[in-house]
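File shown: model35.cif (mmCIF, C-alpha atoms).
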data_my_file
loop_
_atom_site.label_atom_id
_atom_site.label_comp_id
_atom_site.auth_asym_id
_atom_site.auth_seq_id
_atom_site.Cartn_x
_atom_site.Cartn_y
_atom_site.Cartn_z
CA MET A 1 13.92 28.35 45.96
CA LYS A 2 11.51 30.10 43.65
CA LYS A 3 14.02 29.96 40.81
CA LEU A 4 14.58 26.24 41.45
CA LYS A 5 10.83 25.58 41.31
CA ASN A 6 10.63 27.34 37.95
CA VAL A 7 13.48 25.20 36.59
CA ASN A 8 11.78 21.99 37.75
CA LYS A 9 8.52 23.14 36.23
CA ALA A 10 10.26 23.82 32.90
CA LYS A 11 11.76 20.33 32.94
CA HIS A 12 8.33 18.71 33.28
CA GLU A 13 6.51 21.10 30.96
CA ARG A 14 4.71 19.39 28.10
CA HIS A 15 6.08 20.11 24.63
CA PRO A 16 4.35 19.52 21.26
CA PHE A 17 6.79 16.82 20.11
CA HIS A 18 6.59 13.05 20.45
CA LEU A 19 9.70 11.42 21.88
CA LEU A 20 9.42 7.76 20.93
CA ARG A 21 9.98 5.05 23.49
CA PRO A 22 12.16 2.03 22.64
CA SER A 23 10.13 -0.36 20.50
CA PRO A 24 10.85 -3.96 19.44
CA TRP A 25 8.63 -3.81 16.36
CA PRO A 26 11.00 -2.27 13.75
CA ILE A 27 13.74 -4.86 14.25
CA CYS A 28 11.24 -7.72 14.66
CA THR A 29 9.41 -6.72 11.46
CA ALA A 30 12.69 -6.54 9.54
CA ALA A 31 13.71 -9.95 10.89
CA THR A 32 10.44 -11.53 9.72
CA ILE A 33 10.44 -9.84 6.29
CA ALA A 34 13.71 -11.52 5.26
CA PRO A 35 12.42 -15.13 5.51
CA ASN A 36 9.20 -14.14 3.72
CA VAL A 37 11.24 -12.68 0.87
CA GLU A 38 13.19 -15.95 0.67
CA VAL A 39 9.93 -17.90 0.50
CA PHE A 40 8.70 -15.62 -2.28
CA ILE A 41 11.92 -15.99 -4.29
CA ASN A 42 11.78 -19.78 -3.94
CA TRP A 43 8.21 -19.69 -5.23
CA LEU A 44 9.28 -17.62 -8.26
CA HIS A 45 11.99 -20.17 -9.09
CA GLY A 46 9.67 -23.13 -8.67
CA VAL A 47 11.35 -24.33 -5.47
CA GLU A 48 8.88 -26.01 -3.14
CA ASN A 49 8.59 -24.33 0.24
CA ASN A 50 7.80 -26.09 3.48
CA VAL A 51 4.16 -25.29 4.28
CA THR A 52 4.82 -25.01 8.01
CA THR A 53 7.69 -22.58 7.41
CA VAL A 54 5.55 -20.43 5.12
CA HIS A 55 2.72 -20.25 7.66
CA PHE A 56 5.06 -19.55 10.57
CA TRP A 57 6.91 -16.64 8.99
CA GLY A 58 3.73 -15.24 7.47
CA PHE A 59 2.01 -15.29 10.87
CA ALA A 60 5.12 -13.77 12.50
CA LEU A 61 5.09 -10.86 10.03
CA VAL A 62 1.37 -10.22 10.56
CA PHE A 63 1.86 -10.33 14.34
CA CYS A 64 4.69 -7.75 14.21
CA ILE A 65 2.67 -5.44 11.97
CA TYR A 66 -0.32 -5.78 14.31
CA GLY A 67 1.82 -4.96 17.36
CA TRP A 68 3.30 -1.92 15.64
CA PHE A 69 -0.12 -0.64 14.57
CA ARG A 70 -1.47 -1.23 18.09
CA ASP A 71 1.28 0.84 19.73
CA ILE A 72 0.86 3.71 17.27
CA VAL A 73 -2.91 3.75 17.76
CA TYR A 74 -2.48 3.70 21.55
CA GLU A 75 0.01 6.59 21.45
CA ALA A 76 -2.24 8.65 19.19
CA THR A 77 -5.64 7.94 20.71
CA PHE A 78 -5.15 7.26 24.41
CA GLU A 79 -1.85 8.97 25.30
CA GLY A 80 -2.43 12.10 23.22
CA MET A 81 1.10 12.01 21.81
CA HIS A 82 0.08 13.03 18.30
CA THR A 83 -0.30 16.77 18.79
CA SER A 84 -0.87 19.16 15.90
CA HIS A 85 2.90 19.51 15.44
CA VAL A 86 3.40 15.75 15.44
CA SER A 87 0.46 15.21 13.05
CA ALA A 88 1.90 17.77 10.65
CA GLY A 89 5.26 15.99 10.79
CA ILE A 90 3.61 12.62 10.16
CA LYS A 91 1.84 14.01 7.09
CA GLU A 92 5.07 15.48 5.73
CA GLY A 93 6.87 12.20 6.30
CA PHE A 94 4.10 10.28 4.55
CA ILE A 95 4.28 12.63 1.57
CA LEU A 96 8.01 11.92 1.32
CA PHE A 97 7.27 8.20 1.57
CA MET A 98 4.80 8.43 -1.33
CA PHE A 99 7.42 10.34 -3.32
CA THR A 100 9.85 7.43 -2.89
CA GLU A 101 7.08 5.05 -3.98
CA THR A 102 6.49 7.25 -7.03
CA MET A 103 10.15 7.04 -8.02
CA PHE A 104 10.04 3.26 -7.54
CA PHE A 105 7.23 2.98 -10.10
CA VAL A 106 9.00 5.49 -12.35
CA SER A 107 11.94 3.07 -12.55
CA LEU A 108 9.61 0.23 -13.58
CA PHE A 109 7.86 2.36 -16.19
CA TRP A 110 11.28 3.46 -17.43
CA ALA A 111 12.30 -0.17 -17.98
CA PHE A 112 9.03 -0.84 -19.82
CA PHE A 113 9.12 2.17 -22.16
CA HIS A 114 12.85 1.81 -22.82
CA SER A 115 12.32 -1.78 -23.98
CA ALA A 116 9.15 -0.92 -25.92
CA LEU A 117 10.48 2.14 -27.77
CA SER A 118 13.81 0.57 -28.71
CA PRO A 119 13.35 -3.22 -28.77
CA SER A 120 16.61 -5.10 -29.15
CA ILE A 121 17.44 -7.86 -31.65
CA TRP A 122 17.17 -10.38 -28.82
CA ILE A 123 13.40 -9.94 -28.78
CA GLY A 124 12.99 -9.68 -32.55
CA CYS A 125 13.22 -5.88 -32.83
CA CYS A 126 9.50 -5.62 -32.19
CA TRP A 127 7.11 -4.96 -29.33
CA PRO A 128 5.52 -7.01 -27.94
CA PRO A 129 8.35 -9.50 -28.46
CA LYS A 130 7.85 -12.42 -30.83
CA GLY A 131 5.98 -15.27 -29.21
CA ILE A 132 4.20 -13.02 -26.68
CA THR A 133 0.45 -12.64 -26.86
CA PRO A 134 -0.47 -9.58 -24.77
CA LEU A 135 -3.64 -9.48 -22.71
CA CYS A 136 -6.67 -7.69 -24.08
CA PRO A 137 -7.10 -4.39 -22.19
CA MET A 138 -10.88 -4.48 -22.63
CA GLY A 139 -11.31 -7.54 -20.38
CA ILE A 140 -10.20 -7.89 -16.77
CA PRO A 141 -7.84 -4.84 -16.95
CA LEU A 142 -10.77 -2.55 -17.82
CA LEU A 143 -12.92 -4.17 -15.13
CA ASN A 144 -10.18 -3.65 -12.52
CA THR A 145 -9.86 -0.03 -13.64
CA ALA A 146 -13.57 0.51 -13.03
CA ILE A 147 -13.26 -1.22 -9.65
CA LEU A 148 -10.38 0.98 -8.47
CA LEU A 149 -11.95 4.19 -9.75
CA SER A 150 -15.15 3.28 -7.89
CA SER A 151 -13.14 2.62 -4.74
CA GLY A 152 -11.55 6.06 -5.07
CA VAL A 153 -15.02 7.60 -5.08
CA SER A 154 -16.15 5.56 -2.06
CA VAL A 155 -13.06 6.38 0.03
CA THR A 156 -13.65 10.08 -0.71
CA TRP A 157 -17.26 9.60 0.38
CA ALA A 158 -16.04 8.01 3.61
CA HIS A 159 -13.68 10.94 4.24
CA ARG A 160 -16.44 13.45 3.63
CA ALA A 161 -18.74 11.59 6.03
CA ILE A 162 -16.08 11.66 8.76
CA LEU A 163 -15.65 15.41 8.31
CA ILE A 164 -19.36 15.99 9.01
CA GLY A 165 -19.52 13.42 11.82
CA ASP A 166 -21.63 10.88 9.93
CA LYS A 167 -20.21 7.64 11.33
CA LYS A 168 -22.81 5.37 9.74
CA ASN A 169 -22.20 6.52 6.16
CA SER A 170 -18.45 6.65 6.64
CA ALA A 171 -18.45 3.03 7.86
CA HIS A 172 -20.58 1.93 4.90
CA ALA A 173 -18.36 3.73 2.40
CA LEU A 174 -15.17 2.40 3.96
CA THR A 175 -16.54 -1.16 3.96
CA TYR A 176 -17.45 -0.76 0.30
CA THR A 177 -13.91 0.46 -0.46
CA ILE A 178 -12.35 -2.52 1.30
CA PHE A 179 -14.62 -4.90 -0.61
CA LEU A 180 -13.58 -3.33 -3.92
CA GLY A 181 -9.91 -3.63 -2.97
CA LEU A 182 -10.32 -7.34 -2.25
CA LEU A 183 -12.27 -7.76 -5.49
CA PHE A 184 -9.46 -6.11 -7.45
CA THR A 185 -6.94 -8.50 -5.89
CA TYR A 186 -9.10 -11.50 -6.77
CA PHE A 187 -9.42 -10.51 -10.43
CA GLN A 188 -5.71 -9.82 -10.69
CA LYS A 189 -4.96 -13.30 -9.37
CA TYR A 190 -7.43 -14.72 -11.89
CA GLU A 191 -5.63 -12.80 -14.64
CA TYR A 192 -2.26 -14.19 -13.52
CA ASP A 193 -3.61 -17.75 -13.48
CA ASN A 194 -4.84 -17.43 -17.08
CA ALA A 195 -2.13 -15.24 -18.62
CA PRO A 196 -0.52 -16.74 -21.76
CA PHE A 197 3.00 -15.78 -20.64
CA ALA A 198 5.11 -16.04 -17.49
CA ILE A 199 7.54 -13.76 -15.67
CA ASN A 200 10.51 -15.39 -17.44
CA ASP A 201 9.10 -14.81 -20.95
CA SER A 202 11.53 -12.12 -22.15
CA ILE A 203 11.61 -8.56 -20.89
CA TYR A 204 7.87 -8.20 -21.54
CA GLY A 205 6.92 -10.86 -19.01
CA SER A 206 9.44 -9.60 -16.46
CA VAL A 207 8.30 -5.98 -16.62
CA PHE A 208 4.61 -6.93 -16.78
CA TYR A 209 4.66 -9.04 -13.63
CA MET A 210 7.00 -6.70 -11.76
CA LEU A 211 4.87 -3.66 -12.51
CA THR A 212 1.43 -5.20 -11.97
CA GLY A 213 2.67 -7.38 -9.11
CA CYS A 214 4.21 -4.50 -7.17
CA HIS A 215 1.05 -2.49 -7.72
CA GLY A 216 -0.96 -5.46 -6.47
CA LEU A 217 1.14 -5.60 -3.31
CA HIS A 218 0.41 -1.91 -2.79
CA VAL A 219 -3.32 -2.62 -3.18
CA ILE A 220 -3.07 -5.36 -0.54
CA GLY A 221 -1.17 -3.01 1.80
CA GLY A 222 -3.67 -0.22 1.18
CA THR A 223 -6.56 -2.59 1.88
CA ALA A 224 -4.98 -3.56 5.21
CA PHE A 225 -4.50 0.15 5.96
CA LEU A 226 -8.21 0.77 5.31
CA ILE A 227 -9.24 -2.21 7.45
CA VAL A 228 -7.33 -0.71 10.37
CA GLY A 229 -9.08 2.58 9.66
CA LEU A 230 -12.48 0.88 9.70
CA VAL A 231 -11.76 -0.80 13.04
CA ARG A 232 -10.65 2.52 14.52
CA LEU A 233 -13.74 4.22 13.12
CA MET A 234 -16.02 1.68 14.78
CA LYS A 235 -14.15 2.20 18.08
CA ASN A 236 -14.72 5.97 17.84
CA HIS A 237 -11.03 6.85 17.52
CA TYR A 238 -11.72 9.51 14.88
CA THR A 239 -13.26 12.93 15.30
CA THR A 240 -14.25 15.53 12.72
CA LYS A 241 -11.05 17.44 13.49
CA LYS A 242 -8.58 14.63 14.17
CA HIS A 243 -8.39 11.60 11.88
CA VAL A 244 -4.86 11.60 10.52
CA GLY A 245 -4.73 7.81 10.31
CA PHE A 246 -7.66 7.72 7.91
CA GLU A 247 -6.35 10.67 5.90
CA LEU A 248 -3.07 8.88 5.25
CA ALA A 249 -4.92 5.71 4.20
CA ALA A 250 -7.07 7.75 1.80
CA TRP A 251 -3.99 9.46 0.32
CA TYR A 252 -2.33 6.11 -0.17
CA TRP A 253 -5.43 4.66 -1.84
CA HIS A 254 -5.66 7.58 -4.27
CA PHE A 255 -1.95 7.08 -5.06
CA VAL A 256 -2.67 3.42 -5.85
CA ASP A 257 -5.55 4.52 -8.12
CA ILE A 258 -3.37 6.94 -10.08
CA VAL A 259 -0.61 4.37 -10.56
CA TRP A 260 -3.12 1.82 -11.85
CA ILE A 261 -4.51 4.28 -14.42
CA LEU A 262 -0.96 4.75 -15.72
CA VAL A 263 -0.44 0.98 -15.75
CA PHE A 264 -3.69 0.43 -17.65
CA LEU A 265 -3.02 3.12 -20.25
CA GLY A 266 0.69 2.42 -20.68
CA LEU A 267 1.10 -1.32 -20.15
CA TYR A 268 -2.23 -2.74 -21.27
CA CYS A 269 -3.44 -0.26 -23.93
CA TRP A 270 -0.35 1.33 -25.48
CA GLY A 271 2.05 -1.52 -24.76
CA ALA A 272 -0.16 -4.13 -26.39
#

Spell out the structure here as structure tokens.
Amino acid sequence: MKKLKNVNKAKHERHPFHLLRPSPWPICTAATIAPNVEVFINWLHGVENNVTTVHFWGFALVFCIYGWFRDIVYEATFEGMHTSHVSAGIKEGFILFMFTETMFFVSLFWAFFHSALSPSIWIGCCWPPKGITPLCPMGIPLLNTAILLSSGVSVTWAHRAILIGDKKNSAHALTYTIFLGLLFTYFQKYEYDNAPFAINDSIYGSVFYMLTGCHGLHVIGGTAFLIVGLVRLMKNHYTTKKHVGFELAAWYWHFVDIVWILVFLGLYCWGA
């Protein structure tokens, strides 16, 4: 009997790993991404989208992302599933994710520099191609660079404040970072609206909008990540020792900053 009790105790003993429960959010998110991609492609080709369809699938995607975030936050904060072992695994997985994102941008930079260093006869054997007037790097691009670098400082300030338990300053710094992220997005949209070339204007236009557009999507995603972090901070989900969610958001934001510096120096300054 004593041996049997020990076996039963071992079966119910807590372990440091998180065994995920079945979740509907991965498949639901994938199912809502596909129609949104179709809407985006139609927009690129000048095909008019039904407004109701656009709003429906956009809301569906936001709802799935919200549900997924909610479950993760609940597991980490209220169920205590994110032990030190799990947190270490999450950080390692996020590092691998950022490596894949790095290689994604490497492929775009490769396309840009390949076309710039050996321009073909189809674009006049020159770079920028004939008929393309590149944007001045000392205007909005330089302003956006200053905005993102400032946001990198403020998110580091927020992290430092969390480490010393200063909730007030961390909330102020995080709010400032979110504002700068939204401001960057606004100026990039303004730049797109007034650019003298389009995405179908030779390889220059294609690479320019793919590179800056994908970076812009990462800024929007990082801003959403920081907004979730701010909400959790106000709800006292973070402690001085345990704030993995904010750490990952800060890492991601610094990654976005570094990529933009490369975009500014390579695409706007050297490429022009």

task = Using all atoms listed in the file, give me every residue within 7 Å of (-7.5, -1.5, 1.7) in file coordinates, as a PyMOL selection string.
result = chain A and resi 178+181+219-227

request  = On this file, the PyMOL selection byres ((chain A and resi 139-155) around 7) gives some set of residues; write that set as a PyMOL selection string.
outcome  = chain A and resi 136-138+156-159+173-174+176-177+180+184+187+250+254+257+261+264

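Shortest separation to Tyr74 (chain A) among A:Glu247, A:Val231, A:Leu182, A:His237 occurs at residue A:His237, atoms counted being all atoms listed in the file.
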
Residues near Val39 (chain A), cut-off 9 Å, only C-alpha atoms, skip fewer than 2 positions along chain, as a list in words =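 Result of the neighbour search: Ala34, Pro35, Asn36, Val37, Ile41, Asn42, Trp43, Leu44, Val47, Glu48, Asn49, Asn50, Thr53 and Val54 of chain A.
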
Let me know the residues the PyMOL selection byres ((chain A and resi 23-32) around 7) catches in the file above, as a short mmCIF file (atom, residue, chain, number, x, y, z; two decimals) with C-alpha atoms, in the frame of the given file.
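Result saved to part20.cif:
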data_model
loop_
_atom_site.label_atom_id
_atom_site.label_comp_id
_atom_site.auth_asym_id
_atom_site.auth_seq_id
_atom_site.Cartn_x
_atom_site.Cartn_y
_atom_site.Cartn_z
CA ARG A 21 9.98 5.05 23.49
CA PRO A 22 12.16 2.03 22.64
CA ILE A 33 10.44 -9.84 6.29
CA ALA A 34 13.71 -11.52 5.26
CA PRO A 35 12.42 -15.13 5.51
CA ASN A 36 9.20 -14.14 3.72
CA TRP A 57 6.91 -16.64 8.99
CA ALA A 60 5.12 -13.77 12.50
CA LEU A 61 5.09 -10.86 10.03
CA CYS A 64 4.69 -7.75 14.21
CA ILE A 65 2.67 -5.44 11.97
CA GLY A 67 1.82 -4.96 17.36
CA TRP A 68 3.30 -1.92 15.64
#

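The spacing separating CA of Leu117 (chain A) from CA of Cys269 (chain A) amounts to 14.6 Å.
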
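Across A:Ala116, A:Val256, A:Ile164, A:Leu135, the tightest approach to Tyr192 (chain A) is made by A:Leu135 when counting all atoms listed in the file.
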
query = So what does the PyMOL selection byres ((chain A and resi 262) around 12) actually pick up in this one, as a PyMOL selection string?
reply = chain A and resi 102+105-106+108-109+141+145+211-212+215+255-261+263-271

Suppose we keep C-alpha atoms; can you now write the selection as a tab-separated table (two decimals), in the frame of the given file?
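Final output, saved to part-v1.tsv:
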chain	number	residue	atom	x	y	z
A	102	THR	CA	6.49	7.25	-7.03
A	105	PHE	CA	7.23	2.98	-10.10
A	106	VAL	CA	9.00	5.49	-12.35
A	108	LEU	CA	9.61	0.23	-13.58
A	109	PHE	CA	7.86	2.36	-16.19
A	141	PRO	CA	-7.84	-4.84	-16.95
A	145	THR	CA	-9.86	-0.03	-13.64
A	211	LEU	CA	4.87	-3.66	-12.51
A	212	THR	CA	1.43	-5.20	-11.97
A	215	HIS	CA	1.05	-2.49	-7.72
A	255	PHE	CA	-1.95	7.08	-5.06
A	256	VAL	CA	-2.67	3.42	-5.85
A	257	ASP	CA	-5.55	4.52	-8.12
A	258	ILE	CA	-3.37	6.94	-10.08
A	259	VAL	CA	-0.61	4.37	-10.56
A	260	TRP	CA	-3.12	1.82	-11.85
A	261	ILE	CA	-4.51	4.28	-14.42
A	263	VAL	CA	-0.44	0.98	-15.75
A	264	PHE	CA	-3.69	0.43	-17.65
A	265	LEU	CA	-3.02	3.12	-20.25
A	266	GLY	CA	0.69	2.42	-20.68
A	267	LEU	CA	1.10	-1.32	-20.15
A	268	TYR	CA	-2.23	-2.74	-21.27
A	269	CYS	CA	-3.44	-0.26	-23.93
A	270	TRP	CA	-0.35	1.33	-25.48
A	271	GLY	CA	2.05	-1.52	-24.76

inquiry  = Between CA of Ile132 (chain A) and CA of Val207 (chain A), what is the distance in Å, rounded to a tenth?
reply    = 12.9 Å
